[in-house]
Each structure stands twice: as C-alpha cells, then as structure tokens.
Amino acid sequence: MNYKITLLILVFLSGLCFTGCETKEEPVEVGFLIHAFDKERWENDRDYLVENVQELGGTVKVMNAENDADKQLAQAKELLANDVDVLVVVPVDQFAAGAIVDAAHAQGVKVISYDRLIKNCKLDFYVSTDNVEIGTLQASYLTTIKPTGKYALIGGALSDNNSQLLYLGQRNVLQPLVERGDIEIVYNEFTEAWEEKEGYEHAKKLLKDHPDVDAILAGNDELAMGVIRAIDEIELDHDILVAGMDADLRNLREIVAGHQTCTIYKPYEKLAATTADLAMKLARGENGERTYQTVSNGELLVPTVFHTGMIVNKENLQLTVISEGYQQEEEVYN
C-alpha cells in the first residue's frame with residue numbers, strides 16, 4: 001500500500017490581495033479561538049500570538065472553547081457580533097469548525113486556521129508545521145536506532161486532521177521496512193484525545209499483548225507521558241524507544257532521564273509571528289505578493305505557510321529548545 005502523502009501541495013505565485021476592502025486605519029482586533037489550554041504548548045502559542053499582534057499595532061481577544069465544538073462556534077459568533085476584524089482558529093473539531101468559517105464570511109471576516117486544518121469549507125489561510133514531515137522525522141529517528149523489531153503506533157485524536165498527517169509520515173518510513181520483513185507493527189490505534197490518560201490506556205493494552213515491543217511512536221508528548229507511565233509499571237528486560245511531539249518541559253526531563261527517546265520541537269514563535277502578520281494584513285485589506293503552498297481541505301486549495309519541526313534528543317537539547325529560548329536550561333535539568 002502506498003502511504004505517500006496524497007495532499008496536493010502546489011506552489012503558486014499569489015497576488016493574493018488580502019482582499020476585501022480598503023485599508024483600515026483604526027486599530028485591528030484579532031479574535032483568537034483556541035480549542036483549549038489543555039497542553040503546555042498552547043499557552044505559549046497564545047502568548048506569542050498576542051505579543052506579535054500587539055507589536056504590529058493590533059489587539060487580541062482570546063476565547064477558550066474547553067474542547068467543546070458548539071461552544072467554540074458560539075464564541076465565534078460573539079466575536080463577530082462585536083465586530084472583530086479577523087479570526088484565528090485552533091479548531092476543536094476539523095469538520096464542525098467549518099461553520100465558524102461560514103459565519104465569518106457572512107460578515108466579510110476572514111479566517112486563519114492555526115496549527116490544525118479546518119476541513120470542507122472556504123478557509124482563507126492555514127499556518128502550521130508540515131505534520132507529514134514530523135511523522136517522518138519521528139519514524140526515521142527511531143528506525144535509525146532500531147532498524148528491526150516490533151513497533152507500535154499510538155496516534156492522536158481522530159477529530160484532528162494532524163493525526164492523519166503524522167500517521168502518513170510515519171508509514172512512509174515504516175512501510176518499506178514492514179514489506180522487507182525488518183519491522184512488524186504490532187499495534188496501530190488512534191486515540192479519542194491528545195491526553196496522557198489515552199496514551200496510558202493504549203500502552204497498557206499494548207504491553208499486555210506485546211511486552212516485547214521495541215519502539216512506540218506516540219502522537220504527542222502527552223500521549224508519550226502516558227506510555228512512559230505504563231512502561232514504568234511493569235518489569236521489562238529491555239528498553240523501549242518512545243517518540244513524542246511538542247517539546248513539553250516534563251518530556252524534556254524524561255529525555256534527560258533516558259525514559260523518552262525524542263520529541264519534536266515546532267517553532268511556535270515563528271508560527272505565531274507568521275499568523276500575526278497575515279491576520280493584520282487580512283484585516284487591513286493590504287495587498288500581499290509572495291509564494292504560498294496550497295493544501296486541499298476537501299473544499300478548495302488553501303493558501304498555506306508551513307514551518308519545519310526538528311528532532312530533539314538528549315544530545316541536542318542545548319542546541320534546539322534551549323538555545324531558541326523555548327525552555328530554560330535550569331528547568332530542563334532540574
């Protein structure tokens with residue numbers, strides 16, 4: 001089976017007029033609709049976005065949906081009723097959030113999907129990391145260390161398009177090794193949420209049936225923490241490689257301790273800076289001309305800006321998350 005990414009990524013020169021209307025002289029208000037502050041990274045994303053928008057002369061109204069898609073739609077309507085100029089959305093649900101885009105467009109307001117793609121709607125922009133490449137990085141790193149053996153995949157939430165993209169990247173690496181007989185995938189499940197308890201429950205099930213598993217690819221660091229907890233509860237005569245994503249502080253500590261093999265650092269400050277710049281231009285109706293990739297969301301090819309993630313391991317902690325100021329050395333090595 002060919003697991004190569006089927007996303008159509010085209011490069012086109014856009015005279016994308018961040019259209020709409022005439023340039024706005026009054027202050028711009030950006031509405032930031034976030035799914036939840038349930039992971040360490042999301043508070044950082046919020047802070048970076050607010051800081052960058054303020055530096056560009058705007059303000060940000062933040063609303064937390066607490067992982068409730070209906071609540072997120074109601075919050076969007078509230079912001080629109082209060083004449084917000086542009087929306088930035090981290091969707092609770094990739095499909096349900098299309099109603100937010102429809103409501104915004106009915107009032108002439110543009111929408112940027114942040115980190116997670118909103119599907120099947122006329123979305124204006126998407127800013128994220130290349131999650132297929134991140135899945136590739138995870139699998140490539142672990143298979144370099146352990147090129148043969150038993151592998152398990154514990155994926156992210158089914159409601160998040162990123163889960164599928166990570167999986168595609170992982171399978172792009174693993175499938176040739178499976179076909180060659182070098183690797184056996186003994187467990188392959190998505191979860192209901194990107195949460196530690198989900199990683200724990202799936203890992204418990206995995207380890208009960210396959211205690212000899214060699215490597216576990218977890219969708220993010222929360223899931224990886226659950227995996228580590230499950231591993232700690234049983235006696236094993238071998239180490240299990242564990243990969244995660246997000247470079248959360250406690251996972252970096254687990255990497256230092258040797259319990260987690262690697263994580264992925266997404267350049268959150270760059271994501272926020274790009275989003276802030278686009279939001280201000282869209283709100284002000286400024287013309288922009290640059291080269292964009294496009295990604296299909298099922299409805300259209302959405303102009304997209306991708307940033308690149310990077311592997312973080314015990315050897316390069318100093319040169320990655322610490323040197324970039326994302327985490328503090330004294331906290332990581334505490």
# chains A, B, ... in the order shown; residues from 1 in each chain; ligands from 1
>>> residues_around(residues="stretch 228-242 of chain A", least_positions_apart="6", cutoff="6 Å", atoms="only C-alpha atoms", output="number ranges by chain")
A: 200, 204, 214-216, 260-261
>>> write_last_selection(atoms="C-alpha atoms", output="PDB file, in the first residue's frame")
ATOM      1  CA  TYR A 200      -1.586   5.233  29.262  1.00  0.00           C
ATOM      2  CA  LYS A 204      -1.352  -0.813  28.942  1.00  0.00           C
ATOM      3  CA  ASP A 214      10.783  -2.368  20.813  1.00  0.00           C
ATOM      4  CA  ALA A 215       9.541   1.108  19.889  1.00  0.00           C
ATOM      5  CA  ILE A 216       6.428   3.229  20.385  1.00  0.00           C
ATOM      6  CA  GLN A 260      11.846   9.109  26.360  1.00  0.00           C
ATOM      7  CA  THR A 261      13.959   8.862  23.233  1.00  0.00           C
TER       8      THR A 261
END
>>> residues_around(residues="A:Asn313", least_positions_apart="4", cutoff="9 Å", atoms="only C-alpha atoms", output="PDB file with C-alpha atoms, in the first residue's frame")
ATOM      1  CA  LEU A 252      12.387  17.018  28.027  1.00  0.00           C
ATOM      2  CA  ILE A 255      14.552  12.593  27.720  1.00  0.00           C
ATOM      3  CA  VAL A 256      17.346  13.714  30.051  1.00  0.00           C
ATOM      4  CA  GLN A 260      11.846   9.109  26.360  1.00  0.00           C
ATOM      5  CA  THR A 261      13.959   8.862  23.233  1.00  0.00           C
ATOM      6  CA  CYS A 262      12.977  12.008  21.368  1.00  0.00           C
ATOM      7  CA  THR A 263      10.345  14.650  20.812  1.00  0.00           C
ATOM      8  CA  ILE A 264       9.625  17.162  18.068  1.00  0.00           C
ATOM      9  CA  LEU A 317      18.683  19.762  23.773  1.00  0.00           C
TER      10      LEU A 317
END
>>> select_by_dssp(residues="stretch 54-265 of chain A", states="alpha helix (DSSP H)", output="ChimeraX atom specification")
/A:54-55,69-81,98-106,131-145,161-180,196-209,221-232,249-257
>>> write_last_selection(atoms="C-alpha atoms", output="short mmCIF file (atom, residue, chain, number, x, y, z; two decimals), in the first residue's frame")
data_model
loop_
_atom_site.label_atom_id
_atom_site.label_comp_id
_atom_site.auth_asym_id
_atom_site.auth_seq_id
_atom_site.Cartn_x
_atom_site.Cartn_y
_atom_site.Cartn_z
CA GLN A 54 0.50 43.97 19.65
CA GLU A 55 3.88 44.76 18.09
CA ALA A 69 -17.14 22.44 19.36
CA ASP A 70 -20.56 24.01 19.99
CA LYS A 71 -19.06 26.41 22.50
CA GLN A 72 -16.37 27.39 20.01
CA LEU A 73 -18.99 28.25 17.38
CA ALA A 74 -20.92 30.34 19.92
CA GLN A 75 -17.70 32.16 20.83
CA ALA A 76 -17.02 32.87 17.17
CA LYS A 77 -20.48 34.36 16.77
CA GLU A 78 -19.92 36.50 19.86
CA LEU A 79 -16.67 37.87 18.46
CA LEU A 80 -18.29 38.55 15.10
CA ALA A 81 -21.19 40.34 16.80
CA GLY A 98 -16.37 24.89 9.02
CA ALA A 99 -19.47 26.59 10.45
CA ILE A 100 -17.16 29.20 12.01
CA VAL A 101 -15.70 29.99 8.59
CA ASP A 102 -19.18 30.26 7.08
CA ALA A 103 -20.36 32.61 9.84
CA ALA A 104 -17.27 34.79 9.48
CA HIS A 105 -17.57 35.04 5.71
CA ALA A 106 -21.21 36.06 6.04
CA ASN A 131 2.94 17.28 10.06
CA VAL A 132 3.68 14.63 7.45
CA GLU A 133 7.33 15.60 7.73
CA ILE A 134 7.09 15.47 11.52
CA GLY A 135 5.79 11.90 11.36
CA THR A 136 8.65 11.11 9.02
CA LEU A 137 11.16 12.63 11.46
CA GLN A 138 9.80 10.56 14.35
CA ALA A 139 9.87 7.26 12.47
CA SER A 140 13.21 7.94 10.78
CA TYR A 141 14.89 8.70 14.09
CA LEU A 142 13.62 5.57 15.85
CA THR A 143 14.34 3.27 12.90
CA THR A 144 17.88 4.61 12.75
CA ILE A 145 18.34 3.45 16.34
CA ASN A 161 -6.52 16.24 10.85
CA ASN A 162 -2.94 16.40 12.14
CA SER A 163 -3.29 12.86 13.47
CA GLN A 164 -3.77 11.51 9.96
CA LEU A 165 -0.87 13.55 8.62
CA LEU A 166 1.51 12.32 11.32
CA TYR A 167 0.43 8.78 10.57
CA LEU A 168 1.12 9.21 6.85
CA GLY A 169 4.62 10.43 7.59
CA GLN A 170 5.29 7.54 9.95
CA ARG A 171 4.02 4.96 7.47
CA ASN A 172 6.09 6.46 4.65
CA VAL A 173 9.14 5.39 6.64
CA LEU A 174 7.86 2.19 8.22
CA GLN A 175 6.05 0.56 5.30
CA PRO A 176 9.15 -0.34 3.24
CA LEU A 177 10.69 -1.88 6.36
CA VAL A 178 7.49 -3.83 7.03
CA GLU A 179 7.44 -5.13 3.46
CA ARG A 180 11.08 -6.17 3.80
CA GLU A 196 -1.89 11.35 28.90
CA LYS A 197 -4.64 9.02 30.10
CA GLU A 198 -5.28 7.95 26.50
CA GLY A 199 -1.60 7.15 25.99
CA TYR A 200 -1.59 5.23 29.26
CA GLU A 201 -4.64 3.11 28.46
CA HIS A 202 -3.44 2.27 24.97
CA ALA A 203 0.06 1.45 26.22
CA LYS A 204 -1.35 -0.81 28.94
CA LYS A 205 -3.28 -2.74 26.30
CA LEU A 206 -0.24 -2.88 24.03
CA LEU A 207 2.15 -4.06 26.75
CA LYS A 208 -0.26 -6.74 27.93
CA ASP A 209 -0.35 -8.31 24.47
CA ASP A 221 4.20 14.35 24.41
CA GLU A 222 1.03 13.98 26.48
CA LEU A 223 0.44 10.56 24.95
CA ALA A 224 4.13 9.76 25.41
CA MET A 225 3.87 10.55 29.13
CA GLY A 226 1.07 8.01 29.42
CA VAL A 227 3.20 5.48 27.56
CA ILE A 228 6.14 6.10 29.90
CA ARG A 229 3.89 5.67 32.95
CA ALA A 230 2.58 2.35 31.63
CA ILE A 231 6.11 1.12 30.93
CA ASP A 232 7.23 2.11 34.44
CA LEU A 249 9.09 20.60 29.71
CA ARG A 250 8.35 17.41 31.60
CA ASN A 251 9.03 15.33 28.49
CA LEU A 252 12.39 17.02 28.03
CA ARG A 253 13.15 15.96 31.59
CA GLU A 254 12.15 12.40 30.67
CA ILE A 255 14.55 12.59 27.72
CA VAL A 256 17.35 13.71 30.05
CA ALA A 257 16.47 10.82 32.39
#
>>> closest_residue(among="A:Lys314, A:Lys146, A:His307, A:Lys122", to="A:Pro267", atoms="only C-alpha atoms")
A:His307
>>> closest_residue(among="A:Ala283, A:Val321, A:Leu33, A:Ile183", to="A:Glu269", atoms="only C-alpha atoms")
A:Val321
>>> atom_distance(atom1="atom CA of A:Ala193", atom2="atom CA of A:Lys270")
25.8 Å
>>> closest_residue(among="A:Leu49, A:Ala65, A:Leu301, A:Val312", to="A:Val88", atoms="only C-alpha atoms")
A:Leu49
>>> atom_distance(atom1="atom CA of A:Val53", atom2="atom CA of A:Ala276")
5.2 Å
>>> closest_residue(among="A:Val295, A:Ala279, A:Val186, A:Ile311", to="A:Ala247", atoms="only C-alpha atoms")
A:Ile311
>>> closest_residue(among="A:Ser159, A:Ser296, A:Arg284, A:Asp45", to="A:Phe125", atoms="only C-alpha atoms")
A:Ser296
>>> atom_distance(atom1="atom CA of A:Leu117", atom2="atom CA of A:Ser323")
29.5 Å
>>> select_by_dssp(residues="stretch 187-294 of chain A", states="strand (DSSP E)", output="list in words")
Tyr187, Asn188, Glu189, Phe190, Thr191, Ala215, Ile216, Leu217, Ala218, Leu241, Val242, Ala243, Thr263, Ile264, Tyr265, Arg290, Thr291, Tyr292, Gln293 and Thr294 of chain A
>>> write_last_selection(atoms="N, CA and C atoms", output="JSON list (two decimals), in the first residue's frame")
[["chain", "number", "residue", "atom", "x", "y", "z"],
["A", 187, "TYR", "N", 0.87, -2.87, 16.94],
["A", 187, "TYR", "CA", -0.24, -2.08, 17.50],
["A", 187, "TYR", "C", -0.34, -0.80, 16.70],
["A", 188, "ASN", "N", -1.57, -0.43, 16.32],
["A", 188, "ASN", "CA", -1.76, 0.76, 15.48],
["A", 188, "ASN", "C", -3.16, 1.32, 15.73],
["A", 189, "GLU", "N", -3.25, 2.28, 16.65],
["A", 189, "GLU", "CA", -4.55, 2.83, 17.03],
["A", 189, "GLU", "C", -4.47, 4.35, 17.18],
["A", 190, "PHE", "N", -5.55, 5.03, 16.79],
["A", 190, "PHE", "CA", -5.71, 6.44, 17.12],
["A", 190, "PHE", "C", -6.40, 6.54, 18.48],
["A", 191, "THR", "N", -6.38, 7.72, 19.06],
["A", 191, "THR", "CA", -6.99, 7.94, 20.37],
["A", 191, "THR", "C", -8.18, 8.88, 20.24],
["A", 215, "ALA", "N", 9.64, -0.34, 20.09],
["A", 215, "ALA", "CA", 9.54, 1.11, 19.89],
["A", 215, "ALA", "C", 8.08, 1.53, 19.81],
["A", 216, "ILE", "N", 7.79, 2.69, 20.40],
["A", 216, "ILE", "CA", 6.43, 3.23, 20.39],
["A", 216, "ILE", "C", 6.46, 4.66, 19.85],
["A", 217, "LEU", "N", 5.72, 4.89, 18.79],
["A", 217, "LEU", "CA", 5.56, 6.24, 18.23],
["A", 217, "LEU", "C", 4.27, 6.82, 18.78],
["A", 218, "ALA", "N", 4.40, 7.81, 19.66],
["A", 218, "ALA", "CA", 3.24, 8.48, 20.25],
["A", 218, "ALA", "C", 2.97, 9.78, 19.51],
["A", 241, "LEU", "N", 12.00, 2.23, 22.98],
["A", 241, "LEU", "CA", 12.14, 3.57, 22.42],
["A", 241, "LEU", "C", 10.77, 4.25, 22.41],
["A", 242, "VAL", "N", 10.74, 5.53, 22.79],
["A", 242, "VAL", "CA", 9.48, 6.29, 22.82],
["A", 242, "VAL", "C", 9.69, 7.64, 22.15],
["A", 243, "ALA", "N", 8.88, 7.93, 21.14],
["A", 243, "ALA", "CA", 8.92, 9.24, 20.47],
["A", 243, "ALA", "C", 7.65, 10.01, 20.77],
["A", 263, "THR", "N", 11.58, 13.92, 21.04],
["A", 263, "THR", "CA", 10.35, 14.65, 20.81],
["A", 263, "THR", "C", 10.56, 15.52, 19.58],
["A", 264, "ILE", "N", 9.52, 16.23, 19.19],
["A", 264, "ILE", "CA", 9.63, 17.16, 18.07],
["A", 264, "ILE", "C", 9.34, 18.57, 18.57],
["A", 265, "TYR", "N", 10.23, 19.48, 18.23],
["A", 265, "TYR", "CA", 10.00, 20.89, 18.56],
["A", 265, "TYR", "C", 9.44, 21.60, 17.34],
["A", 290, "ARG", "N", 3.52, 37.01, -2.57],
["A", 290, "ARG", "CA", 4.57, 36.09, -2.20],
["A", 290, "ARG", "C", 4.20, 34.71, -2.70],
["A", 291, "THR", "N", 5.08, 33.76, -2.52],
["A", 291, "THR", "CA", 4.83, 32.40, -2.96],
["A", 291, "THR", "C", 4.27, 31.59, -1.80],
["A", 292, "TYR", "N", 3.11, 30.98, -2.02],
["A", 292, "TYR", "CA", 2.48, 30.14, -1.00],
["A", 292, "TYR", "C", 2.34, 28.72, -1.50],
["A", 293, "GLN", "N", 2.43, 27.79, -0.58],
["A", 293, "GLN", "CA", 1.99, 26.44, -0.87],
["A", 293, "GLN", "C", 0.47, 26.41, -0.76],
["A", 294, "THR", "N", -0.12, 25.35, -1.27],
["A", 294, "THR", "CA", -1.55, 25.16, -1.03],
["A", 294, "THR", "C", -1.78, 23.74, -0.55]]
>>> closest_residue(among="A:Asn220, A:Asn67, A:Gln107, A:Asn316", to="A:Arg41", atoms="only C-alpha atoms")
A:Asn220
